[in-house]
Amino acid sequence: MQQILVVNCGSSSLKFAIMDGTDNPPILEGIAERLGSEHSAISFKYAGNKTVQALHDHDHRGAVTAIKHWIDSNTDLALNIVGVGHRVVHGGETFSNSVVIDSEVLSGIEQCARFAPLHNLAHVKGIEVAQALFGDIPHVAVFDTAFHQTLEADQYLYPIPMRLYREHHFRKYGFHGTSYRYIAQKLATLGSDFALQNTLVAHLGNGASVCAIKAGHSVDTSMGITPLEGLMMGTRSGSLDPSLLAFISDAEKISMKEALDILNKDSGLKGISEISNDCRTIETAQAAGDDRAELALNMFASRTAKHLASVATNLESVDHIVFTGGIGENSPVIRAKICQRLAMMGIHLDLHANQISPRGEVSLISENHCKTNIWVIPTNEELLIAQDTLSLIESSASK
Ligand code: AMP
């Protein structure tokens, strides 16, 4: 059996999993956190047991070295890692598909870093250390933006001078593309004609966005040139009047960049609830009667519903709505609040099915007579990265 090491590098963290490209749970998974600080540590979850180790070298290299060491020390598992799949946040207009990484691809990822500096530069670092330590196997990049490269110009352009697009590539790119592609593929397995139908997906996690999918292709999505646009999120404001940025900067006597930091890090559920960015924590507070928690959840649901209705204008019908991501998969409260606001589109939830939707499984939660199927489908971005890596390895071997 062949396996893929899936790597997702952040600026101070590195998530990883070893997958065989099937629905089987990862053989090994874990996360290295607080990279860059002397408290850096890495966790390994194997066969239901989790162990945590301090890292000797507190950087991405230290994390990948620890993973390699774990693999080399567990020879009894007879792991056969044939490739490494790297999640990359921004592929700009350069990458519309997953690719095997060579020096040209690496410099392309570096060039796209101007729109996602923290993410893409961390990915480059992760790729370079993984290539150094797992150099003899192919490395593949899978881009969050790639799935949305099918958007038409009238959807991806901002209504600003065309010169800014021509000269600087300022446009909507969209994110969560790996999750949307996974959902589109999964949905296609659930009914014979589903692959050709029209679907709205709400990927609701700490980062959140929606996507309209027509016959398997993205036709609109809510995130923009960065993941700040669109829905209200855990700590991000989502869309608002851009003038606000200048007002905040003037009023608080801070730079535009610091004002932008407020919109990215202190807004959303956290900003409104003044409790937490974590939806579960806010739901607990709401159940205990906290009005700020109630307001935050209502705003989150209202904004999600508005964006779903907005991207739906690119579809002739809405045959399916899919909820995914930590909140979408696990919060009946949020799903109900969103669907309630979409009743004018003929969206009707089966409240009981919504309430009992089993964790980690696909479930249909629409009322019987509802023309739109409402689904909960757990996403699995790591699996898609593993599958892309395996198929690119196979196709390059057959050339
Ligand atoms: P993600 O970024 O996809 O991992 O999702 C994280 C978000 O999912 C956090 O806001 C969590 O509070 C939320 N979440 C996870 N489980 C639940 C749950 N049972 N109810 C409500 N929210 C949840």
# chains A, B, ... in the order shown; residues from 1 in each chain; ligands from 1

call {"tool": "select_by_dssp", "arguments": {"residues": "region 198-356 of chain A", "states": "strand (DSSP E)", "output": "VMD selection string"}}
result
chain A and resid 198 to 204 208 to 214 217 to 221 320 to 324

call {"tool": "residues_near_ligand", "arguments": {"ligand": "ligand 1", "cutoff": "9 Å", "atoms": "only C-alpha atoms and all ligand atoms", "output": "JSON, numbers by chain"}}
result
{"A": [203, 204, 205, 206, 207, 208, 233, 234, 269, 276, 277, 278, 279, 280, 281, 282, 283, 284, 324, 325, 326, 327, 328, 329, 330, 331, 332, 333, 334, 359, 379]}

call {"tool": "write_last_selection", "arguments": {"atoms": "N, CA, C and O atoms", "output": "tab-separated table (two decimals), in the first residue's frame"}}
result
chain	number	residue	atom	x	y	z
A	203	HIS	N	-19.13	26.59	3.60
A	203	HIS	CA	-18.01	26.06	4.39
A	203	HIS	C	-17.87	26.98	5.60
A	203	HIS	O	-17.36	28.10	5.48
A	204	LEU	N	-18.38	26.52	6.74
A	204	LEU	CA	-18.44	27.36	7.93
A	204	LEU	C	-17.51	26.82	9.01
A	204	LEU	O	-17.85	25.85	9.70
A	205	GLY	N	-16.34	27.42	9.12
A	205	GLY	CA	-15.42	27.07	10.20
A	205	GLY	C	-14.94	28.36	10.82
A	205	GLY	O	-15.64	29.38	10.72
A	206	ASN	N	-13.78	28.36	11.40
A	206	ASN	CA	-13.23	29.61	11.92
A	206	ASN	C	-13.06	30.61	10.78
A	206	ASN	O	-13.36	31.78	10.91
A	207	GLY	N	-12.61	30.11	9.63
A	207	GLY	CA	-12.73	30.86	8.37
A	207	GLY	C	-13.99	30.36	7.70
A	207	GLY	O	-14.32	29.18	7.82
A	208	ALA	N	-14.72	31.23	7.02
A	208	ALA	CA	-16.01	30.78	6.45
A	208	ALA	C	-16.23	31.44	5.09
A	208	ALA	O	-15.89	32.60	4.89
A	233	MET	N	-16.80	35.93	10.19
A	233	MET	CA	-16.09	34.69	10.56
A	233	MET	C	-15.71	34.70	12.03
A	233	MET	O	-16.20	35.55	12.77
A	234	GLY	N	-14.85	33.77	12.44
A	234	GLY	CA	-14.45	33.69	13.85
A	234	GLY	C	-13.88	35.02	14.36
A	234	GLY	O	-14.36	35.59	15.33
A	269	LEU	N	-17.24	36.94	15.02
A	269	LEU	CA	-17.91	36.41	16.22
A	269	LEU	C	-17.24	36.93	17.49
A	269	LEU	O	-17.90	37.28	18.47
A	276	SER	N	-15.70	35.11	22.60
A	276	SER	CA	-14.78	34.17	21.97
A	276	SER	C	-14.98	34.21	20.46
A	276	SER	O	-16.00	34.70	19.97
A	277	ASN	N	-14.00	33.67	19.72
A	277	ASN	CA	-14.19	33.46	18.28
A	277	ASN	C	-14.79	32.09	18.02
A	277	ASN	O	-15.11	31.75	16.89
A	278	ASP	N	-14.92	31.29	19.08
A	278	ASP	CA	-15.30	29.89	18.94
A	278	ASP	C	-16.83	29.74	19.02
A	278	ASP	O	-17.44	30.09	20.03
A	279	CYS	N	-17.42	29.23	17.96
A	279	CYS	CA	-18.88	29.17	17.87
A	279	CYS	C	-19.50	28.36	19.00
A	279	CYS	O	-20.52	28.73	19.58
A	280	ARG	N	-18.82	27.24	19.33
A	280	ARG	CA	-19.37	26.37	20.38
A	280	ARG	C	-19.46	27.11	21.72
A	280	ARG	O	-20.46	27.03	22.43
A	281	THR	N	-18.40	27.84	22.03
A	281	THR	CA	-18.37	28.62	23.28
A	281	THR	C	-19.49	29.66	23.27
A	281	THR	O	-20.16	29.89	24.29
A	282	ILE	N	-19.69	30.28	22.12
A	282	ILE	CA	-20.73	31.32	22.03
A	282	ILE	C	-22.12	30.70	22.16
A	282	ILE	O	-23.02	31.25	22.81
A	283	GLU	N	-22.29	29.51	21.55
A	283	GLU	CA	-23.60	28.84	21.68
A	283	GLU	C	-23.88	28.50	23.15
A	283	GLU	O	-25.02	28.60	23.61
A	284	THR	N	-22.85	28.09	23.87
A	284	THR	CA	-23.04	27.78	25.29
A	284	THR	C	-23.47	29.04	26.05
A	284	THR	O	-24.38	29.01	26.88
A	324	THR	N	-20.80	22.44	5.55
A	324	THR	CA	-19.57	21.74	5.92
A	324	THR	C	-18.70	22.65	6.77
A	324	THR	O	-19.07	23.79	7.06
A	325	GLY	N	-17.51	22.16	7.20
A	325	GLY	CA	-16.65	22.91	8.12
A	325	GLY	C	-17.11	22.67	9.56
A	325	GLY	O	-18.21	22.14	9.79
A	326	GLY	N	-16.27	23.03	10.53
A	326	GLY	CA	-16.55	22.75	11.95
A	326	GLY	C	-17.94	23.20	12.39
A	326	GLY	O	-18.65	22.47	13.08
A	327	ILE	N	-18.36	24.40	11.98
A	327	ILE	CA	-19.67	24.91	12.38
A	327	ILE	C	-20.77	24.28	11.51
A	327	ILE	O	-21.78	23.79	12.02
A	328	GLY	N	-20.54	24.26	10.20
A	328	GLY	CA	-21.55	23.72	9.28
A	328	GLY	C	-21.87	22.26	9.57
A	328	GLY	O	-23.01	21.82	9.46
A	329	GLU	N	-20.83	21.51	9.97
A	329	GLU	CA	-21.04	20.07	10.22
A	329	GLU	C	-21.66	19.81	11.59
A	329	GLU	O	-22.36	18.80	11.77
A	330	ASN	N	-21.38	20.69	12.56
A	330	ASN	CA	-21.71	20.35	13.95
A	330	ASN	C	-22.72	21.24	14.65
A	330	ASN	O	-23.06	20.97	15.80
A	331	SER	N	-23.18	22.29	13.99
A	331	SER	CA	-24.08	23.19	14.71
A	331	SER	C	-25.49	23.21	14.10
A	331	SER	O	-25.78	23.97	13.16
A	332	PRO	N	-26.42	22.41	14.68
A	332	PRO	CA	-27.81	22.46	14.21
A	332	PRO	C	-28.41	23.85	14.41
A	332	PRO	O	-29.24	24.29	13.60
A	333	VAL	N	-27.97	24.56	15.45
A	333	VAL	CA	-28.51	25.90	15.74
A	333	VAL	C	-28.22	26.85	14.58
A	333	VAL	O	-29.12	27.53	14.07
A	334	ILE	N	-26.97	26.88	14.14
A	334	ILE	CA	-26.59	27.78	13.04
A	334	ILE	C	-27.27	27.35	11.74
A	334	ILE	O	-27.78	28.19	10.99
A	359	ARG	N	-22.60	13.08	13.92
A	359	ARG	CA	-21.29	13.72	13.75
A	359	ARG	C	-20.40	12.91	12.81
A	359	ARG	O	-20.35	11.69	12.89
A	379	THR	N	-16.22	17.72	5.41
A	379	THR	CA	-15.20	17.94	4.39
A	379	THR	C	-13.94	17.14	4.72
A	379	THR	O	-13.78	16.65	5.85

call {"tool": "residues_around", "arguments": {"residues": "region 382-390 of chain A", "least_positions_apart": "4", "cutoff": "9 Å", "atoms": "only C-alpha atoms", "output": "VMD selection string"}}
result
chain A and resid 2 to 8 16 to 23 26 82 to 87 98 to 100 138 to 142 178 to 179 181 to 182 394 to 395

call {"tool": "residues_around", "arguments": {"residues": "region 126-128 of chain A", "least_positions_apart": "2", "cutoff": "10 Å", "atoms": "only C-alpha atoms", "output": "short mmCIF file (atom, residue, chain, number, x, y, z; two decimals) with C-alpha atoms, in the first residue's frame"}}
result
data_model
loop_
_atom_site.label_atom_id
_atom_site.label_comp_id
_atom_site.auth_asym_id
_atom_site.auth_seq_id
_atom_site.Cartn_x
_atom_site.Cartn_y
_atom_site.Cartn_z
CA VAL A 7 1.55 18.89 4.95
CA ASN A 8 -0.25 22.13 5.79
CA CYS A 9 2.20 24.82 6.88
CA GLY A 10 1.16 27.97 8.69
CA SER A 11 3.51 30.71 9.85
CA LEU A 14 2.51 22.70 10.70
CA ASP A 59 11.23 25.82 13.42
CA HIS A 60 9.56 24.16 10.41
CA ARG A 61 12.71 22.11 9.81
CA ALA A 63 8.89 19.81 12.86
CA VAL A 64 9.53 17.94 9.59
CA VAL A 84 4.30 14.67 -0.17
CA GLY A 85 1.20 16.82 -0.81
CA HIS A 86 1.44 20.45 0.30
CA ARG A 87 -1.56 22.69 0.89
CA VAL A 88 -0.90 26.12 -0.60
CA ILE A 101 6.63 21.08 -7.49
CA LEU A 106 8.26 27.16 -6.15
CA ASN A 120 2.60 31.44 1.08
CA LEU A 121 6.02 32.19 2.57
CA ALA A 122 5.35 29.58 5.28
CA HIS A 123 4.39 27.10 2.53
CA VAL A 124 7.65 27.80 0.67
CA ALA A 130 10.30 18.69 3.25
CA GLN A 131 12.19 18.47 -0.05
CA ALA A 132 15.47 18.48 1.87
CA LEU A 133 14.32 15.68 4.20
CA PHE A 134 12.07 13.67 1.82
CA GLY A 135 13.92 14.71 -1.33
CA HIS A 139 6.19 16.90 -3.90
CA VAL A 140 2.84 18.27 -5.08
CA ALA A 141 1.18 21.65 -4.42
#

call {"tool": "residues_around", "arguments": {"residues": "region 170-172 of chain A", "least_positions_apart": "2", "cutoff": "10 Å", "atoms": "only C-alpha atoms", "output": "JSON, numbers by chain"}}
result
{"A": [92, 93, 115, 145, 148, 149, 151, 153, 155, 156, 157, 158, 159, 160, 162, 163, 164, 165, 166, 167, 168, 174, 175, 220, 221, 222, 223, 224, 225, 226, 227, 229]}

call {"tool": "atom_distance", "arguments": {"atom1": "CA of Ile275 (chain A)", "atom2": "CA of Arg335 (chain A)"}}
result
21.1 Å

call {"tool": "residues_around", "arguments": {"residues": "Ser13 (chain A)", "least_positions_apart": "6", "cutoff": "8 Å", "atoms": "only C-alpha atoms", "output": "PyMOL selection string"}}
result
chain A and resi 31-35+60

call {"tool": "write_last_selection", "arguments": {"atoms": "C-alpha atoms", "output": "mmCIF file, in the first residue's frame"}}
result
data_model
loop_
_atom_site.group_PDB
_atom_site.id
_atom_site.type_symbol
_atom_site.label_atom_id
_atom_site.label_comp_id
_atom_site.auth_asym_id
_atom_site.auth_seq_id
_atom_site.Cartn_x
_atom_site.Cartn_y
_atom_site.Cartn_z
ATOM 1 C CA ILE A 31 0.313 19.272 14.535
ATOM 2 C CA ALA A 32 3.468 21.181 15.393
ATOM 3 C CA GLU A 33 2.611 24.422 17.143
ATOM 4 C CA ARG A 34 4.278 27.577 18.443
ATOM 5 C CA LEU A 35 7.011 27.228 15.817
ATOM 6 C CA HIS A 60 9.555 24.155 10.406
#

call {"tool": "select_by_dssp", "arguments": {"residues": "region 82-185 of chain A", "states": "alpha helix (DSSP H)", "output": "PyMOL selection string"}}
result
chain A and resi 103-111+117-133+153-156+162-168+177-185

call {"tool": "closest_residue", "arguments": {"among": "A:Ser12, A:Ser255, A:Asn373, A:Ser209", "to": "Gln197 (chain A)", "atoms": "only C-alpha atoms"}}
result
A:Asn373

call {"tool": "closest_residue", "arguments": {"among": "A:His352, A:Ala287, A:His169, A:Phe44", "to": "Gln111 (chain A)", "atoms": "only C-alpha atoms"}}
result
A:His169

call {"tool": "residues_around", "arguments": {"residues": "Met232 (chain A)", "least_positions_apart": "3", "cutoff": "8 Å", "atoms": "only C-alpha atoms", "output": "PyMOL selection string"}}
result
chain A and resi 208+236-239+268-269+299-300+303-304
